[in-house]
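Structure first, commentary second.
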Amino acid sequence: MLIILMLFLFLSSILVLILKRNRETFYIFGMCMSLAIMFSGILLYIAKKGGISRELQEFLFLNLEIKMHIQYFLIDVYDMGYIIAIGRHLFPMFLLFLAFHFSMIPWLQRNYWVKRLTFVMPLFTLIIYYPPIFSYLTNN
């Protein structure tokens, strides 16, 4: 069921982006995609971890065959964590861009460096959170 909801979220955001091309729909598309990326990482982790009831497996994955395909998908824990981190970092960025777009504060509309700074921070944290760089920084 959750897979169907994620698929519907993905397809509807693409459809809205195709039909109405402006900044608002692009920001909403970015928010939906980052949310879908984060949910897919969480579902991948749940499938790999296992140990959930049959009813919850059917709710999350529709049937056990889909869960088994996802469970034996070759991916390590670091990559799953990074997939979740991508969605977790990009969602607030697109939400802030949407808030800046609809803001009536003249100071925010005049200063483009605030929007650039909003883009730089998630990019910087994602670079630091990349598994080889993160392990190098934490080991040394």
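Ligands are numbered from 1 in the order shown, residues from 1 within each chain, and chains are lettered A, B, ... in the order they appear in the structure tokens.
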message = If we count only C-alpha atoms and set the cut-off at 12 Å, which residues sit around range 132-137 of chain A, ignoring sequence neighbours fewer than 4 positions away in its own chain? Please answer as a PyMOL selection string.
response = chain A and resi 78-79+81-82+124-128
Take the residues that were just selected and, keeping N, CA and C atoms, output them as a PDB file, in the first residue's frame.
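Full text of part_8.pdb as output:
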```
ATOM      1  N   TYR A  78      25.639   1.767   4.389  1.00  0.00           N
ATOM      2  CA  TYR A  78      26.090   3.142   4.164  1.00  0.00           C
ATOM      3  C   TYR A  78      25.305   3.802   3.032  1.00  0.00           C
ATOM      4  N   ASP A  79      25.081   3.059   1.968  1.00  0.00           N
ATOM      5  CA  ASP A  79      24.320   3.619   0.849  1.00  0.00           C
ATOM      6  C   ASP A  79      22.855   3.837   1.208  1.00  0.00           C
ATOM      7  N   GLY A  81      21.761   4.560   4.191  1.00  0.00           N
ATOM      8  CA  GLY A  81      21.768   5.754   5.028  1.00  0.00           C
ATOM      9  C   GLY A  81      21.930   7.014   4.213  1.00  0.00           C
ATOM     10  N   TYR A  82      22.733   6.941   3.155  1.00  0.00           N
ATOM     11  CA  TYR A  82      22.933   8.119   2.324  1.00  0.00           C
ATOM     12  C   TYR A  82      21.688   8.434   1.499  1.00  0.00           C
ATOM     13  N   PHE A 124      26.618  21.106   1.208  1.00  0.00           N
ATOM     14  CA  PHE A 124      27.799  20.936   2.047  1.00  0.00           C
ATOM     15  C   PHE A 124      27.630  19.765   3.017  1.00  0.00           C
ATOM     16  N   THR A 125      26.473  19.661   3.654  1.00  0.00           N
ATOM     17  CA  THR A 125      26.256  18.566   4.597  1.00  0.00           C
ATOM     18  C   THR A 125      26.166  17.218   3.895  1.00  0.00           C
ATOM     19  N   LEU A 126      25.626  17.187   2.668  1.00  0.00           N
ATOM     20  CA  LEU A 126      25.595  15.926   1.931  1.00  0.00           C
ATOM     21  C   LEU A 126      26.994  15.498   1.505  1.00  0.00           C
ATOM     22  N   ILE A 127      27.846  16.447   1.178  1.00  0.00           N
ATOM     23  CA  ILE A 127      29.230  16.098   0.835  1.00  0.00           C
ATOM     24  C   ILE A 127      29.947  15.538   2.060  1.00  0.00           C
ATOM     25  N   ILE A 128      29.750  16.168   3.204  1.00  0.00           N
ATOM     26  CA  ILE A 128      30.385  15.666   4.425  1.00  0.00           C
ATOM     27  C   ILE A 128      29.812  14.314   4.822  1.00  0.00           C
TER      28      ILE A 128
END
```
Sorted per-residue table, range 58-140 of chain A near range 15-29 of chain A, closest atoms and distance, 8 Å, only C-alpha atoms, as a tab-separated table:
```
residue	atom	partner	partner_atom	distance
A:Phe94	CA	A:Tyr27	CA	5.4
A:Leu95	CA	A:Tyr27	CA	7.2
A:Phe97	CA	A:Tyr27	CA	6.9
A:Leu98	CA	A:Tyr27	CA	5.9
A:His101	CA	A:Glu24	CA	7.7
```
Take the residues from that selection and write them out as a compact mmCIF listing (two decimals), in the first residue's frame, keeping C-alpha atoms.
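Contents of part.txt, as written:
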```
# COMPACT_ATOMS: atom_id res chain seq x y z
CA PHE A 94 12.84 22.91 -1.33
CA LEU A 95 10.43 23.90 1.43
CA PHE A 97 12.73 27.84 -1.52
CA LEU A 98 8.92 27.66 -1.69
CA HIS A 101 9.08 32.41 -3.28
```
request  = Identify which of the residues A:Leu43, A:Ala99, A:Met38, A:Met6 lies closest to Leu56 in chain A, counting only C-alpha atoms when measuring atom-to-atom distances.
outcome  = A:Leu43
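When CA of Ser103 in chain A is paired with CA of Ala85 in chain A, their separation reads 27.3 Å.
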inquiry  = Just checking: using only C-alpha atoms, which residue out of A:Gly50, A:Pro106, A:Gly30, A:Gly41 ends up closest to Met80 in chain A?
reply    = A:Gly41
request  = Would you mind telling me which residue in A:Met104, A:Leu2, A:Leu96, A:Met121 lies nearest to Phe59 in chain A when using only C-alpha atoms?
outcome  =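 Distance minimum relative to Phe59 in chain A lands on A:Leu2.
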task = Quick one: pick out all helix (DSSP H, G or I) residues within range 14-113 of chain A from a backbone DSSP run and write them as a PyMOL selection string.
result = chain A and resi 14-19+23-49+54-61+64-71+77-102+106-110+112-113
request  = May I ask which of the residues A:Val77, A:Ile52, A:Met33, A:Leu44 is the closest one to Phe8 in chain A, counting only C-alpha atoms?
outcome  = A:Met33
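In this comparison, which uses only C-alpha atoms, the residue of A:Pro122, A:Phe10, A:Gly87, A:Met93 approaching Ile37 in chain A most closely is A:Gly87.
When only C-alpha atoms are used to measure the gap to Leu62 in chain A, the shortest distance among A:Asn139, A:Phe91, A:Ile4, A:Leu123 belongs to A:Ile4.
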